[in-house]
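Below is start.csv, holding CSV, C-alpha atoms.
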```csv
chain,number,residue,atom,x,y,z
A,26,MET,CA,270.0,225.2,141.1
A,27,ALA,CA,272.9,223.3,139.6
A,28,GLU,CA,276.3,225.0,139.3
A,29,LYS,CA,277.3,226.7,136.2
A,30,GLN,CA,280.8,226.0,134.9
A,31,GLU,CA,282.5,228.6,132.7
A,32,GLU,CA,286.0,229.2,131.7
A,33,PRO,CA,287.3,231.9,133.9
A,34,SER,CA,290.0,234.5,133.3
A,35,ASN,CA,293.2,234.4,135.4
A,36,ALA,CA,291.8,237.2,137.5
A,37,GLN,CA,288.6,235.3,138.2
A,38,ASN,CA,290.6,232.3,139.4
A,39,GLY,CA,292.5,234.5,141.7
A,40,GLU,CA,295.5,234.4,139.4
A,41,PRO,CA,296.8,237.8,138.5
A,42,ASP,CA,298.2,237.8,135.0
A,43,ASN,CA,302.0,237.4,134.9
A,44,ALA,CA,302.2,237.6,138.7
A,45,GLU,CA,304.0,235.4,141.2
A,46,GLU,CA,302.2,233.7,144.0
A,47,GLY,CA,303.6,234.0,147.6
A,48,GLU,CA,307.1,233.2,148.6
A,49,GLY,CA,308.3,229.7,148.0
A,50,THR,CA,305.8,229.0,145.3
A,51,LYS,CA,306.5,228.8,141.6
A,52,LYS,CA,305.7,231.5,139.1
A,53,LYS,CA,302.4,231.0,137.3
A,54,VAL,CA,302.5,230.4,133.6
A,55,LYS,CA,299.8,230.9,131.0
A,56,ARG,CA,297.2,228.2,130.9
A,57,GLU,CA,298.0,227.1,127.4
A,58,ASP,CA,301.7,226.5,128.4
A,59,LEU,CA,300.8,224.0,131.1
A,60,PRO,CA,301.3,220.3,130.3
A,61,PRO,CA,298.3,218.1,130.8
A,62,PHE,CA,297.5,216.5,134.2
A,63,GLU,CA,299.7,219.0,136.1
A,64,ILE,CA,298.8,219.4,139.8
A,65,VAL,CA,300.0,222.2,142.0
A,66,THR,CA,300.8,221.2,145.6
A,67,GLY,CA,301.9,223.1,148.6
A,68,GLU,CA,301.3,223.8,152.3
A,69,ARG,CA,299.4,227.1,152.0
A,70,LEU,CA,297.4,228.6,149.2
A,71,PRO,CA,297.3,232.3,148.4
A,72,ALA,CA,294.5,234.2,150.1
A,73,ILE,CA,293.1,235.5,146.8
A,74,PHE,CA,292.5,231.9,145.7
A,75,PHE,CA,290.7,231.0,148.9
A,76,LYS,CA,288.4,234.0,148.8
A,77,PHE,CA,287.3,233.2,145.3
A,78,GLN,CA,287.4,229.4,145.0
A,79,PHE,CA,286.1,228.5,148.4
A,80,ARG,CA,283.2,230.9,148.6
A,81,ASN,CA,280.0,228.8,149.0
A,82,VAL,CA,278.0,230.6,146.4
A,83,GLU,CA,274.9,229.0,144.8
A,84,TYR,CA,276.2,229.7,141.3
A,85,SER,CA,279.8,228.8,140.8
A,86,SER,CA,280.4,230.6,137.5
A,87,GLY,CA,284.2,230.7,136.8
A,88,ARG,CA,285.0,228.3,139.6
A,89,ASN,CA,286.0,225.3,137.5
A,90,LYS,CA,289.0,224.3,139.6
A,91,THR,CA,289.2,222.1,142.7
A,92,PHE,CA,291.1,223.2,145.7
A,93,LEU,CA,291.6,220.3,148.2
A,94,CYS,CA,293.2,220.9,151.6
A,95,TYR,CA,294.0,217.7,153.4
A,96,VAL,CA,294.9,216.5,156.9
A,97,VAL,CA,296.2,213.0,157.2
A,98,GLU,CA,296.5,211.5,160.7
A,99,THR,CA,298.5,208.2,160.5
A,100,GLN,CA,297.9,206.0,163.5
A,101,GLY,CA,300.7,203.8,164.9
A,102,LYS,CA,303.3,203.6,167.6
A,103,GLU,CA,304.2,207.2,166.7
A,104,PRO,CA,301.2,209.0,165.3
A,105,VAL,CA,302.1,211.3,162.4
A,106,THR,CA,300.0,214.2,161.1
A,107,SER,CA,300.6,215.7,157.6
A,108,ARG,CA,298.8,218.4,155.8
A,109,GLY,CA,298.9,220.4,152.6
A,110,TYR,CA,296.8,221.3,149.6
A,111,LEU,CA,296.3,220.2,146.0
A,112,GLU,CA,295.0,222.4,143.2
A,113,ASP,CA,293.7,221.4,139.7
A,114,GLU,CA,295.6,223.1,136.9
A,115,HIS,CA,293.3,221.6,134.2
A,116,ALA,CA,289.9,220.0,134.0
A,117,ALA,CA,291.8,216.8,133.0
A,118,ALA,CA,293.6,216.6,136.3
A,119,HIS,CA,291.5,216.3,139.4
A,120,ALA,CA,292.8,217.0,142.9
A,121,GLU,CA,291.0,214.1,144.4
A,122,MET,CA,292.7,211.7,142.0
A,123,ALA,CA,296.1,213.3,142.7
A,124,PHE,CA,295.6,212.7,146.4
A,125,PHE,CA,295.2,209.0,146.0
A,126,ASN,CA,298.0,208.9,143.4
A,127,THR,CA,300.6,211.1,145.1
A,128,ILE,CA,299.8,211.8,148.7
A,129,LEU,CA,298.3,208.7,150.2
A,130,PRO,CA,301.1,206.3,148.9
A,131,THR,CA,303.7,208.3,150.9
A,132,CYS,CA,301.9,207.4,154.1
A,133,GLN,CA,303.0,204.4,156.1
A,134,ALA,CA,301.4,201.2,154.8
A,135,GLY,CA,299.5,198.8,157.0
A,136,THR,CA,298.3,201.4,159.4
A,137,ARG,CA,295.1,203.4,159.8
A,138,HIS,CA,294.8,206.7,158.1
A,139,ASP,CA,292.2,209.2,159.3
A,140,VAL,CA,291.9,211.7,156.4
A,141,THR,CA,290.0,214.9,156.2
A,142,TRP,CA,289.5,216.9,153.1
A,143,TYR,CA,288.4,220.6,152.9
A,144,VAL,CA,287.3,220.9,149.3
A,145,SER,CA,286.0,223.9,147.4
A,146,SER,CA,283.3,221.8,145.8
A,147,SER,CA,282.1,218.2,146.0
A,148,PRO,CA,283.7,215.5,143.7
A,149,CYS,CA,282.5,214.8,140.2
A,150,VAL,CA,281.1,211.4,139.3
A,151,THR,CA,284.4,209.9,138.2
A,152,CYS,CA,286.2,211.1,141.3
A,153,ALA,CA,283.4,209.8,143.5
A,154,GLN,CA,283.9,206.4,141.9
A,155,ARG,CA,287.6,206.5,142.6
A,156,ILE,CA,286.9,207.5,146.2
A,157,CYS,CA,284.6,204.5,146.6
A,158,GLU,CA,287.2,202.1,145.2
A,159,ALA,CA,289.9,203.5,147.5
A,160,LEU,CA,287.7,203.0,150.6
A,161,ARG,CA,286.7,199.5,149.7
A,162,LYS,CA,290.3,198.4,148.9
A,163,ASN,CA,291.9,200.1,152.0
A,164,LYS,CA,290.0,199.1,155.1
A,165,GLY,CA,292.3,201.2,157.2
A,166,LEU,CA,291.3,204.4,155.4
A,167,ARG,CA,288.8,206.7,157.1
A,168,LEU,CA,287.7,209.7,154.9
A,169,THR,CA,285.7,212.8,155.8
A,170,ILE,CA,285.0,215.3,153.1
A,171,MET,CA,284.1,218.8,154.0
A,172,VAL,CA,282.8,220.7,150.9
A,173,GLY,CA,282.1,224.3,150.4
A,174,ARG,CA,279.6,223.8,147.5
A,175,LEU,CA,277.8,220.9,145.9
A,176,PHE,CA,278.9,220.3,142.4
A,177,MET,CA,276.0,219.8,139.9
A,178,TRP,CA,273.8,218.4,142.6
A,179,GLU,CA,270.6,218.5,140.6
A,180,GLU,CA,271.9,215.8,138.2
A,181,PRO,CA,270.6,212.3,139.1
A,182,GLU,CA,274.0,210.8,138.2
A,183,MET,CA,275.7,213.1,140.7
A,184,GLN,CA,273.2,212.4,143.4
A,185,ALA,CA,273.7,208.7,142.9
A,186,ALA,CA,277.5,209.2,143.2
A,187,LEU,CA,277.1,211.1,146.4
A,188,ARG,CA,275.0,208.3,147.9
A,189,SER,CA,277.5,205.7,146.8
A,190,MET,CA,280.3,207.6,148.6
A,191,LYS,CA,278.2,207.5,151.8
A,192,GLU,CA,277.5,203.8,151.3
A,193,ALA,CA,281.3,203.2,150.9
A,194,GLY,CA,281.9,204.8,154.3
A,195,CYS,CA,282.8,208.3,153.3
A,196,LYS,CA,281.5,211.0,155.6
A,197,LEU,CA,280.2,214.0,153.6
A,198,ARG,CA,279.7,217.3,155.3
A,199,ILE,CA,279.0,220.9,154.2
A,200,MET,CA,281.6,223.4,155.5
A,201,LYS,CA,280.2,225.6,158.3
A,202,PRO,CA,281.6,229.1,158.8
A,203,GLN,CA,283.9,227.7,161.4
A,204,ASP,CA,285.3,225.3,158.9
A,205,PHE,CA,286.1,228.1,156.5
A,206,GLU,CA,287.8,229.9,159.3
A,207,TYR,CA,289.8,226.7,160.1
A,208,VAL,CA,291.0,226.5,156.5
A,209,TRP,CA,291.9,230.2,156.6
A,210,LYS,CA,294.1,229.8,159.7
A,211,ASN,CA,295.7,226.5,158.7
A,212,PHE,CA,296.0,226.5,154.9
A,213,VAL,CA,296.0,230.1,153.6
A,214,GLU,CA,299.2,232.2,153.4
A,215,GLN,CA,299.3,235.8,154.2
A,216,GLU,CA,300.9,238.5,152.1
A,217,GLU,CA,304.6,238.8,152.7
A,218,GLY,CA,305.4,241.1,155.5
A,219,GLU,CA,301.9,241.2,156.9
A,220,GLU,CA,300.7,240.0,160.2
A,221,ALA,CA,298.2,237.2,160.2
A,222,LYS,CA,294.7,238.5,159.4
A,223,SER,CA,291.6,237.3,161.0
A,224,PHE,CA,289.1,235.4,158.8
A,225,VAL,CA,286.3,237.8,157.6
A,226,PRO,CA,283.1,235.8,156.7
A,227,TRP,CA,281.3,236.9,153.6
A,228,GLU,CA,277.8,238.3,153.9
A,229,ASP,CA,275.9,235.2,152.9
A,230,ILE,CA,278.2,232.5,154.3
A,231,GLN,CA,275.7,231.1,156.9
A,232,GLU,CA,272.7,231.3,154.6
A,233,ASN,CA,274.6,229.4,151.8
A,234,PHE,CA,275.8,226.8,154.3
A,235,GLN,CA,272.2,226.1,155.4
A,236,TYR,CA,271.1,225.9,151.7
A,237,TYR,CA,273.7,223.3,150.8
A,238,GLU,CA,273.3,221.4,154.0
A,239,GLU,CA,269.6,221.0,153.3
A,240,LYS,CA,270.3,219.8,149.7
A,241,LEU,CA,272.8,217.3,150.9
A,242,ALA,CA,270.5,215.9,153.5
A,243,GLU,CA,267.7,215.5,150.9
A,244,ILE,CA,270.1,213.6,148.6
A,245,LEU,CA,271.6,211.3,151.2
A,246,HIS,CA,268.4,210.5,153.1
```
Exercise: express the given structure as structure tokens:
Amino acid sequence: MAEKQEEPSNAQNGEPDNAEEGEGTKKKVKREDLPPFEIVTGERLPAIFFKFQFRNVEYSSGRNKTFLCYVVETQGKEPVTSRGYLEDEHAAAHAEMAFFNTILPTCQAGTRHDVTWYVSSSPCVTCAQRICEALRKNKGLRLTIMVGRLFMWEEPEMQAALRSMKEAGCKLRIMKPQDFEYVWKNFVEQEEGEEAKSFVPWEDIQENFQYYEEKLAEILH
């Protein structure tokens, strides 16, 4: 079934009201106080965000943000690897767009970039079009997108957008339990003063992975 998109409360988003995120991150402000097109960036996202937003549920009620963790491997005489994450603050600002507008331009031009995204849900139609444009214009860009959930996959327009991304050279994959564990280890911060905690898979993580993997295979065949 297609995902449901509802306006969540701060608690649903993993954002405690009037609470600060982890050390080194800015204090959250109320949604109505945020300017349009604001994007949150950083190296590690709070664990509470990951546990809610990345969960590969069939129905995504309340999960109307996009969390995008990225690894950029720039090839050259001295290969460079950079990583971090982007988070939507508004529906008007998409993390995928922000990556192309703010992250990729900082990478060395004229070289090959192998980019991997770990995204809470697959791109919308508009972002899919932007991804296709970027891949066609930049022949040195290789993009692999690992997604936790498929966004509105029952819609014909969305299915066409996913196929167009594949045709443009984008590798689309559904995140396996091991991929969620990788994100947990490399992109999620622990509570201050606590030792690193092991990733604890949720009960239906494997079943939901298989569900979405089958749907994606049907769409891209």
Give, as lines of an AutoDock Vina configuration file, the centre coordinates and the x, y and z edge lengths in Å to one decimal for an axis-aligned box around all listed atoms of region 67-86 of chain A, padded by 5 Å on each side.
```
center_x = 288.4
center_y = 229.3
center_z = 144.9
size_x = 37.0
size_y = 22.4
size_z = 24.8
```
Show which residues sit within 8 Å of region 136-146 of chain A, as a VMD selection string. Count all atoms listed in the file, and ignore same-chain residues fewer than 2 positions away. chain A and resid 78 to 81 91 to 101 133 to 134 148 165 to 176 200 208
Name all residues at most 9 Å from Gln184 (chain A) (count only C-alpha atoms; drop same-chain ones fewer than 3 positions away) and give them as number ranges by chain. A: 150, 177-181, 187-189, 241, 244-245
Select, from A:Glu121, A:Glu232, A:Glu214, A:Glu103, the residue with the minimum atom-to-atom distance to Lys76 (chain A), counting all atoms listed in the file.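 Ranking A:Glu121, A:Glu232, A:Glu214, A:Glu103 by distance to Lys76 (chain A), first place goes to A:Glu214.
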Identify which of the residues A:Ser147, A:Gln231, A:Asn211, A:Ser107 lies closest to Leu197 (chain A), counting only C-alpha atoms when measuring atom-to-atom distances.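 Going through A:Ser147, A:Gln231, A:Asn211, A:Ser107 one by one, the smallest distance to Leu197 (chain A) is for A:Ser147.
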Contacts of Met122 (chain A) at 12 Å (all atoms listed in the file; same-chain gap of 6+ positions) as a PyMOL selection string: chain A and resi 62-64+91+93+111-113+116+128-129+148-159
Dump as a PDB file, in the frame of the given file, selection limited to C-alpha atoms:
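What ended up in again14.pdb:
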```pdb
ATOM      1  CA  PHE A  62     297.500 216.500 134.200  1.00  0.00           C
ATOM      2  CA  GLU A  63     299.700 219.000 136.100  1.00  0.00           C
ATOM      3  CA  ILE A  64     298.800 219.400 139.800  1.00  0.00           C
ATOM      4  CA  THR A  91     289.200 222.100 142.700  1.00  0.00           C
ATOM      5  CA  LEU A  93     291.600 220.300 148.200  1.00  0.00           C
ATOM      6  CA  LEU A 111     296.300 220.200 146.000  1.00  0.00           C
ATOM      7  CA  GLU A 112     295.000 222.400 143.200  1.00  0.00           C
ATOM      8  CA  ASP A 113     293.700 221.400 139.700  1.00  0.00           C
ATOM      9  CA  ALA A 116     289.900 220.000 134.000  1.00  0.00           C
ATOM     10  CA  ILE A 128     299.800 211.800 148.700  1.00  0.00           C
ATOM     11  CA  LEU A 129     298.300 208.700 150.200  1.00  0.00           C
ATOM     12  CA  PRO A 148     283.700 215.500 143.700  1.00  0.00           C
ATOM     13  CA  CYS A 149     282.500 214.800 140.200  1.00  0.00           C
ATOM     14  CA  VAL A 150     281.100 211.400 139.300  1.00  0.00           C
ATOM     15  CA  THR A 151     284.400 209.900 138.200  1.00  0.00           C
ATOM     16  CA  CYS A 152     286.200 211.100 141.300  1.00  0.00           C
ATOM     17  CA  ALA A 153     283.400 209.800 143.500  1.00  0.00           C
ATOM     18  CA  GLN A 154     283.900 206.400 141.900  1.00  0.00           C
ATOM     19  CA  ARG A 155     287.600 206.500 142.600  1.00  0.00           C
ATOM     20  CA  ILE A 156     286.900 207.500 146.200  1.00  0.00           C
ATOM     21  CA  CYS A 157     284.600 204.500 146.600  1.00  0.00           C
ATOM     22  CA  GLU A 158     287.200 202.100 145.200  1.00  0.00           C
ATOM     23  CA  ALA A 159     289.900 203.500 147.500  1.00  0.00           C
TER      24      ALA A 159
END
```
Would you mind reading off the distance between CA of Leu70 (chain A) and CA of Tyr110 (chain A), one decimal, in Å?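 Between these atoms lies a distance of 7.3 Å.
Pairwise distance (CA of His119 (chain A), CA of Lys90 (chain A)) equals 8.4 Å.
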Could you please fill out region 145-156 of chain A with all heavy atoms and send it back as a tab-separated table (two decimals), keeping the file's coordinate frame?
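Here's the written file out-v6.tsv:
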```tsv
chain	number	residue	atom	x	y	z
A	145	SER	N	286.83	222.81	147.85
A	145	SER	CA	286.00	223.90	147.40
A	145	SER	C	284.66	223.48	146.86
A	145	SER	O	283.66	224.19	147.03
A	145	SER	CB	286.78	224.72	146.31
A	145	SER	OG	287.23	223.85	145.27
A	146	SER	N	284.60	222.31	146.21
A	146	SER	CA	283.30	221.80	145.80
A	146	SER	C	283.36	220.24	145.83
A	146	SER	O	284.44	219.64	145.84
A	146	SER	CB	282.96	222.23	144.35
A	146	SER	OG	283.89	221.73	143.42
A	147	SER	N	282.21	219.62	145.87
A	147	SER	CA	282.10	218.20	146.00
A	147	SER	C	282.67	217.48	144.74
A	147	SER	O	282.70	218.06	143.66
A	147	SER	CB	280.71	217.73	146.28
A	147	SER	OG	279.84	218.18	145.25
A	148	PRO	N	283.11	216.22	144.84
A	148	PRO	CA	283.70	215.50	143.70
A	148	PRO	C	282.76	215.29	142.56
A	148	PRO	O	281.54	215.20	142.73
A	148	PRO	CB	284.13	214.17	144.33
A	148	PRO	CG	284.23	214.43	145.80
A	148	PRO	CD	283.16	215.44	146.09
A	149	CYS	N	283.33	215.17	141.37
A	149	CYS	CA	282.50	214.80	140.20
A	149	CYS	C	282.24	213.30	140.26
A	149	CYS	O	282.70	212.59	141.16
A	149	CYS	CB	283.32	215.12	138.92
A	149	CYS	SG	284.81	214.11	138.67
A	150	VAL	N	281.48	212.80	139.31
A	150	VAL	CA	281.10	211.40	139.30
A	150	VAL	C	282.29	210.47	139.24
A	150	VAL	O	282.40	209.49	139.98
A	150	VAL	CB	280.11	211.10	138.15
A	150	VAL	CG1	279.86	209.60	138.02
A	150	VAL	CG2	278.79	211.84	138.35
A	151	THR	N	283.23	210.78	138.36
A	151	THR	CA	284.40	209.90	138.20
A	151	THR	C	285.24	209.89	139.47
A	151	THR	O	285.70	208.82	139.89
A	151	THR	CB	285.28	210.44	137.03
A	151	THR	OG1	284.51	210.41	135.82
A	151	THR	CG2	286.52	209.57	136.86
A	152	CYS	N	285.45	211.04	140.09
A	152	CYS	CA	286.20	211.10	141.30
A	152	CYS	C	285.48	210.38	142.46
A	152	CYS	O	286.10	209.75	143.31
A	152	CYS	CB	286.54	212.52	141.71
A	152	CYS	SG	287.82	213.28	140.68
A	153	ALA	N	284.16	210.48	142.47
A	153	ALA	CA	283.40	209.80	143.50
A	153	ALA	C	283.57	208.28	143.36
A	153	ALA	O	283.70	207.57	144.37
A	153	ALA	CB	281.90	210.14	143.34
A	154	GLN	N	283.62	207.78	142.14
A	154	GLN	CA	283.90	206.40	141.90
A	154	GLN	C	285.23	205.95	142.42
A	154	GLN	O	285.40	204.88	143.03
A	154	GLN	CB	283.71	206.03	140.44
A	154	GLN	CG	282.29	206.20	139.91
A	154	GLN	CD	282.20	206.07	138.40
A	154	GLN	OE1	283.20	206.11	137.68
A	154	GLN	NE2	280.98	205.90	137.91
A	155	ARG	N	286.23	206.80	142.18
A	155	ARG	CA	287.60	206.50	142.60
A	155	ARG	C	287.66	206.52	144.15
A	155	ARG	O	288.36	205.69	144.75
A	155	ARG	CB	288.55	207.58	142.07
A	155	ARG	CG	289.99	207.43	142.52
A	155	ARG	CD	290.63	206.21	141.90
A	155	ARG	NE	292.04	206.11	142.26
A	155	ARG	CZ	292.51	205.51	143.36
A	155	ARG	NH1	291.64	204.99	144.22
A	155	ARG	NH2	293.79	205.46	143.61
A	156	ILE	N	286.94	207.40	144.79
A	156	ILE	CA	286.90	207.50	146.20
A	156	ILE	C	286.29	206.16	146.80
A	156	ILE	O	286.80	205.58	147.76
A	156	ILE	CB	286.09	208.68	146.71
A	156	ILE	CG1	286.89	209.96	146.42
A	156	ILE	CG2	285.75	208.58	148.20
A	156	ILE	CD1	286.08	211.23	146.56
```
